[in-house]
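Working notes, beginning with the structure itself.
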Amino acid sequence: MTRLALRMLRHRPGSAVATLIALATGVMILMAMGALVESGLRYEPAPVRYAAADIVVAHRDLTVTTRTFGEVQTSTVRLPEGGTVPADLVGRLRAVPGVATVAADATVPVMLSSTVVGGHGWGAASLAPYRLVDGAAPAGDDEIVADRRLGLAPGQRADAVVAGTARTYRVSGVADGPAAAVFFTDTHAAALSGGRVSVVGVIADPGGDRGAVLAAVRGLADAAGATAHTGSDRGLVEGSDGLAARDLLIQAGGAFGGYVVLLIVFVVAATVGLSVRHRRRDLALLRAVAATPGQVRKMIMVEAGLVSLAAAAVGVPAGFLATRWVRRELVDRGFVPESFPFSDGAVAVAAAAFCTALVAVLSALVAARRVTAIRPVEALGEVAVEPPRSGRVRLVSGLVALAGAGSSGAFTLGAGGQAALAGAIGMLYLFVTAVGLLAPWINRGAARVLAPVLRLVWGSSGYLATANLKANARGMAAVLTALVLSVGLGGSVWFLQNNLERQTVAQSRDGLLAQHALVAPGGLPASTVDEVRRVAGVEAATSVRRTSVVVKFLDAAETVSAQAVDPVGLASTMDLRVTDGDLADLRGTDTVAASSIRASSSGWKVGDRVEFWLGDGTPVTPRLVAVYERGLGFGDVTLTRDTVAGHTARDLDDEILVRGDPGDLAARFPGTTLVATDSLTRQLADDLAVSAWLNKLLVAVMVGYAALAAANTMVIAALGRRRELAVLRLVGVTRGQAKRMVHAEQAGLLGVAVVTGASIALATLAMVVNSVTGEPVPYVPPLGWATVIGGTALLALLTTVLPIGRLLRASPIEHMGVKE
């Protein structure tokens, strides 16, 4: 069968090349996505600040337990602010036999000459380790040890902004270590951090029983709600840029890789299925000369396997180039540090090749099922006239998919955030699946509706086009599906990113009532806002601290953005557009406000006690006092600053919103800058544009692949009409009439595809935009729909008119044979 399969491929190059292109492109895309995930999974951050510690005790993850349909589900999320460990744990660990050194650590932001570095207690210097190269350790609260990279010398005076407060220190010594840092006395560092202990490092006695020490430390850590990390796991505690890059690669590559797999199933199944369908005459002849159904199916599977091998040979090198380009872009745009180790993608290569080959073989087998399931004589009759009815199983499956799309749409309307986005994407694919299954009925119905228009515009050619659309309704199903998928993806997923960016910037701009903002690289102490309010010309001032909280959602937990504010004068500096409740009730440590999206997603109502966790893992159950609309611009959750005091990585404010005319306010607070709030909005827009680049890249890949699918499908369909056009020419249809007939068919099919695809895209876009932003009408860029519809129309015409024109230039006698 292998030799026969090779001959069949050689004599039908058109469909073979189209299938090869679809599979090779699929291998390339899957390989690039898989390489991202593989790089993230393989990454093990090496410890830097705690490289000398044998055991590092910290609280960095939160495990949330939920109950769904009677089953207990657990999910683990990384704490956005990093957790703390009890301060008294240090003493208990020192009492463990075999422990040589125990040091507590908490990072305090220090700004020296416009450079922000971490400040630590001198006891934590041994965990890196840092070693003195000049001078002595700090002996008082006014002394520091500076890393040599900071260019300071012993005895020198250094002006610094520590924890938002200007201070002057004497440099007692210079140290050498893995990164720039400043060290205080342990007592002074504890005072600066408010007694917060983020990490406890343990160095074991070289001559002790390390196993016993580890067991004892783990027992004490578990009792304190912390985790003891050893070996390479110590690097997980540090929260490095590499760790954030790892999470990004896994999430982005995994999420979009799943969508791409679904898309490849659509594309490859349609391409291979249409290719097999147009070879029914060949397969029927094989059956007529005594080939068994099993032999025919085996031959088709071997063909698909051979094309898959060729596709892997083409797609893998292209995948390496695509992976290299994506890596360079991620590094250049700041998503991934230059030092991040990308894997060679060996596992991704095997997975991509296997996945596409499996899809191709199964698609070919399903497509050949009908021809191999009937008698040989009946098979020859099947190729001449298309069966008048489509299968009931297909009809029922299409209706089920349509019902599933409706259910997914209802879920999207009631959900928010990532859940709404996932529901919308699911709805989009279910709609496209329903269209693919119901395409024969859609095509026949459209042919009846469009018949008068086609006859009016194209005359007798329009009559032929109408008859052909009715007769070949099943044959055109793959073409309709490809066009609908292209329009649906291009008109929904791509425009969604525009809506998110536009709404986030608009909400931030419209909600900021203050004209100015006081900012500092190292943060502002909590007392600064009270001092600002006493400045002449200041009408109102509100401190803002950016943070995140962890909430339950469905059977998992997710991290959502939050802001902590000093509520005094909040109504004068910030308009969150409250829809229920009153922000005036936001006070103390027992109240909270939430966006309408978060409240709807979590089932929160004003007056309820709501449950979530602060950024360091502290559980809270405040009372919900207000629901507001501008969650994209200001965060899904708004708390008081008192609620998060002591529960953020740095107990400092990020900015102070100022309303009025404060004059040269920055001069009163060293290290600060007074900026217009418009600049905050512009910076937000710039940050969103950078972060949105990755989403747009991945969406562009999906839309581009859908367009490739449409082009491939229409070329195969056009080339498969060789005998049909030859018969029409032989019975008297002129070349011009045949061309006009094809144009009329394409116009009718394109119109149905555009209307169907645009309806699906608008429904998807409207639902997810309403769920995520609260806007009932989505924003579409002025040239957006023109680009999507015009591009689809141009693609359809080029991939149909050009092949058909080539066929019509040859003599009809040449096309009456079997050869493609």
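Letters A, B, ... mark the chains of the structure tokens in the order given; residue numbers begin at 1 per chain; ligand numbers begin at 1, in order shown.
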| field | Residue neighbourhood Gly736 of chain A, 12 Å, only C-alpha atoms, exclusion window fewer than 3 positions, as a list in words | value |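 So, after excluding close chain neighbours, the residues are Trp458, Ser460, Ser461, Leu725, Leu728, Arg729, Gly732, Val733, Lys739, Arg740, Met741, Val742, His743, Ile804, Gly805, Leu808 and Arg809 of chain A.
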Please produce a file of the residues just selected, as a compact mmCIF listing (two decimals), in the first residue's frame, where the atoms kept are N, CA and C atoms.
```txt
# COMPACT_ATOMS: atom_id res chain seq x y z
N TRP A 458 -26.30 37.98 -12.73
CA TRP A 458 -25.44 37.22 -13.65
C TRP A 458 -26.23 36.47 -14.73
N SER A 460 -28.01 33.88 -16.98
CA SER A 460 -27.97 32.42 -17.07
C SER A 460 -26.83 31.83 -16.23
N SER A 461 -25.73 32.56 -16.12
CA SER A 461 -24.63 32.09 -15.26
C SER A 461 -25.06 32.06 -13.81
N LEU A 725 -16.29 21.46 -14.90
CA LEU A 725 -16.17 22.55 -15.87
C LEU A 725 -15.99 22.02 -17.28
N LEU A 728 -19.40 21.05 -18.62
CA LEU A 728 -20.17 22.25 -18.99
C LEU A 728 -19.67 22.83 -20.31
N ARG A 729 -18.36 22.83 -20.48
CA ARG A 729 -17.81 23.37 -21.73
C ARG A 729 -18.23 22.51 -22.93
N GLY A 732 -21.75 23.15 -24.32
CA GLY A 732 -22.04 24.43 -24.93
C GLY A 732 -21.85 25.66 -24.07
N VAL A 733 -21.49 25.52 -22.82
CA VAL A 733 -21.25 26.68 -21.97
C VAL A 733 -19.92 27.32 -22.38
N LYS A 739 -16.87 31.38 -16.30
CA LYS A 739 -16.24 32.30 -15.36
C LYS A 739 -17.28 33.06 -14.56
N ARG A 740 -18.31 33.56 -15.25
CA ARG A 740 -19.35 34.30 -14.54
C ARG A 740 -20.10 33.40 -13.55
N MET A 741 -20.28 32.15 -13.92
CA MET A 741 -20.92 31.21 -13.01
C MET A 741 -20.10 31.06 -11.72
N VAL A 742 -18.81 30.90 -11.90
CA VAL A 742 -17.93 30.76 -10.73
C VAL A 742 -17.95 32.04 -9.89
N HIS A 743 -17.94 33.20 -10.56
CA HIS A 743 -18.01 34.47 -9.83
C HIS A 743 -19.32 34.57 -9.04
N ILE A 804 -9.51 28.66 -11.24
CA ILE A 804 -10.54 28.39 -12.23
C ILE A 804 -10.13 28.94 -13.59
N GLY A 805 -9.54 30.13 -13.62
CA GLY A 805 -9.07 30.69 -14.88
C GLY A 805 -8.03 29.81 -15.54
N LEU A 808 -9.84 26.84 -17.11
CA LEU A 808 -10.63 27.18 -18.30
C LEU A 808 -9.76 27.47 -19.51
N ARG A 809 -8.48 27.74 -19.31
CA ARG A 809 -7.61 28.02 -20.45
C ARG A 809 -7.24 26.75 -21.22
```
| Contacts of segment 657-667 of chain A within 12 Å, only C-alpha atoms, excl. fewer than 2 positions in-chain, as a ChimeraX atom specification | /A:511-520,524,528-545,565-574,653-655,669-678,680
| message | Using only C-alpha atoms, can you tell me which of A:Gly82, A:Gly173, A:Gly26, A:Pro129 comes closest to Val260 of chain A? | response |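 Among the listed residues, A:Gly26 lies closest to Val260 of chain A.
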| What gap, in Å, lies between atom CA of Gly426 of chain A and atom CA of Val768 of chain A? | 11.4 Å
| request: May I have all residues of segment 625-754 of chain A that DSSP, computed from the backbone, assigns to helix (DSSP H, G or I), given as a VMD selection string? | output: chain A and resid 631 to 634 641 to 644 665 to 668 677 to 719 722 to 730 735 to 754
| request: Per DSSP on the backbone, filter segment 486-565 of chain A down to the residues in strand (DSSP E) and report them as an NGL selection string. | output: :A and (516-524 or 538-553 or 556-565)
Would you put the residues from that selection into a file with N, CA and C atoms, as a tab-separated table (two decimals), in the first residue's frame?
```tsv
chain	number	residue	atom	x	y	z
A	516	HIS	N	-2.78	66.21	39.75
A	516	HIS	CA	-1.36	65.91	39.94
A	516	HIS	C	-1.21	64.61	40.71
A	517	ALA	N	0.00	64.06	40.62
A	517	ALA	CA	0.34	62.86	41.38
A	517	ALA	C	1.77	62.99	41.87
A	518	LEU	N	1.98	62.73	43.15
A	518	LEU	CA	3.32	62.74	43.75
A	518	LEU	C	3.83	61.31	43.75
A	519	VAL	N	4.96	61.07	43.09
A	519	VAL	CA	5.50	59.72	42.96
A	519	VAL	C	6.96	59.71	43.37
A	520	ALA	N	7.45	58.52	43.72
A	520	ALA	CA	8.85	58.33	44.08
A	520	ALA	C	9.25	56.91	43.70
A	521	PRO	N	10.47	56.71	43.16
A	521	PRO	CA	10.88	55.36	42.73
A	521	PRO	C	10.85	54.34	43.86
A	522	GLY	N	11.21	54.76	45.05
A	522	GLY	CA	11.26	53.83	46.17
A	522	GLY	C	9.99	53.78	46.99
A	523	GLY	N	8.96	54.53	46.60
A	523	GLY	CA	7.71	54.55	47.35
A	523	GLY	C	7.65	55.71	48.33
A	524	LEU	N	6.48	55.95	48.87
A	524	LEU	CA	6.24	57.05	49.80
A	524	LEU	C	5.75	56.51	51.13
A	538	VAL	N	-3.51	72.74	48.30
A	538	VAL	CA	-3.98	71.36	48.13
A	538	VAL	C	-5.42	71.26	48.62
A	539	GLU	N	-6.32	70.93	47.72
A	539	GLU	CA	-7.74	70.78	48.08
A	539	GLU	C	-8.04	69.39	48.64
A	540	ALA	N	-7.40	68.38	48.08
A	540	ALA	CA	-7.61	67.00	48.54
A	540	ALA	C	-6.42	66.16	48.10
A	541	ALA	N	-6.11	65.12	48.87
A	541	ALA	CA	-5.01	64.22	48.53
A	541	ALA	C	-5.39	62.80	48.95
A	542	THR	N	-5.06	61.85	48.08
A	542	THR	CA	-5.38	60.45	48.34
A	542	THR	C	-4.15	59.60	48.03
A	543	SER	N	-3.73	58.81	49.00
A	543	SER	CA	-2.62	57.90	48.78
A	543	SER	C	-3.14	56.62	48.14
A	544	VAL	N	-2.35	56.08	47.23
A	544	VAL	CA	-2.74	54.87	46.50
A	544	VAL	C	-1.59	53.86	46.59
A	545	ARG	N	-1.94	52.65	46.95
A	545	ARG	CA	-0.95	51.57	47.03
A	545	ARG	C	-1.42	50.43	46.13
A	546	ARG	N	-0.64	50.08	45.11
A	546	ARG	CA	-1.02	49.01	44.20
A	546	ARG	C	-0.69	47.66	44.82
A	547	THR	N	-1.62	46.74	44.74
A	547	THR	CA	-1.40	45.41	45.29
A	547	THR	C	-2.27	44.42	44.53
A	548	SER	N	-2.35	43.21	45.01
A	548	SER	CA	-3.20	42.18	44.43
A	548	SER	C	-3.77	41.34	45.55
A	549	VAL	N	-4.90	40.72	45.29
A	549	VAL	CA	-5.52	39.81	46.26
A	549	VAL	C	-5.86	38.51	45.55
A	550	VAL	N	-6.10	37.49	46.32
A	550	VAL	CA	-6.45	36.17	45.79
A	550	VAL	C	-7.89	35.86	46.14
A	551	VAL	N	-8.70	35.51	45.16
A	551	VAL	CA	-10.11	35.21	45.37
A	551	VAL	C	-10.43	33.84	44.80
A	552	LYS	N	-11.46	33.21	45.34
A	552	LYS	CA	-11.95	31.95	44.80
A	552	LYS	C	-12.79	32.24	43.56
A	553	PHE	N	-12.63	31.37	42.57
A	553	PHE	CA	-13.47	31.47	41.39
A	553	PHE	C	-13.68	30.08	40.84
A	556	ALA	N	-11.25	26.97	41.50
A	556	ALA	CA	-9.84	27.35	41.61
A	556	ALA	C	-9.74	28.71	42.30
A	557	ALA	N	-8.53	29.23	42.32
A	557	ALA	CA	-8.28	30.56	42.87
A	557	ALA	C	-7.52	31.37	41.84
A	558	GLU	N	-7.77	32.67	41.82
A	558	GLU	CA	-7.08	33.52	40.86
A	558	GLU	C	-6.65	34.81	41.54
A	559	THR	N	-5.59	35.40	40.99
A	559	THR	CA	-5.07	36.66	41.50
A	559	THR	C	-5.69	37.82	40.73
A	560	VAL	N	-6.23	38.80	41.44
A	560	VAL	CA	-6.85	39.95	40.78
A	560	VAL	C	-6.19	41.22	41.30
A	561	SER	N	-6.20	42.25	40.46
A	561	SER	CA	-5.58	43.52	40.82
A	561	SER	C	-6.41	44.25	41.86
A	562	ALA	N	-5.72	45.00	42.71
A	562	ALA	CA	-6.40	45.74	43.77
A	562	ALA	C	-5.64	47.03	44.05
A	563	GLN	N	-6.32	47.97	44.69
A	563	GLN	CA	-5.68	49.19	45.15
A	563	GLN	C	-6.11	49.45	46.59
A	564	ALA	N	-5.16	49.93	47.38
A	564	ALA	CA	-5.44	50.31	48.76
A	564	ALA	C	-5.30	51.82	48.85
A	565	VAL	N	-6.33	52.49	49.39
A	565	VAL	CA	-6.35	53.95	49.41
A	565	VAL	C	-6.61	54.46	50.81
```
| request: Considering only C-alpha atoms, return as a ChimeraX atom specification whatever protein or nucleic-acid residues lie within 12 Å of Tyr429 of chain A, sequence-local ones (same chain, fewer than 2 positions apart) excluded. | output: /A:259-266,401-402,404-406,408-409,422-427,431-436,481,484-486,488-489,492-493,757,760-761,764
| query | atom CA of Pro525 of chain A and atom CA of Asp159 of chain A are how many Å apart? | reply |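 Straight-line distance from atom CA of Pro525 of chain A to atom CA of Asp159 of chain A works out to 17.1 Å.
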| request: Excluding Arg502 of chain A and residues on its chain fewer than 6 positions from it, collect all residues at most 10 Å away from it, counting only C-alpha atoms, and give them as number ranges by chain. | output: A: 496, 685, 688, 773, 779
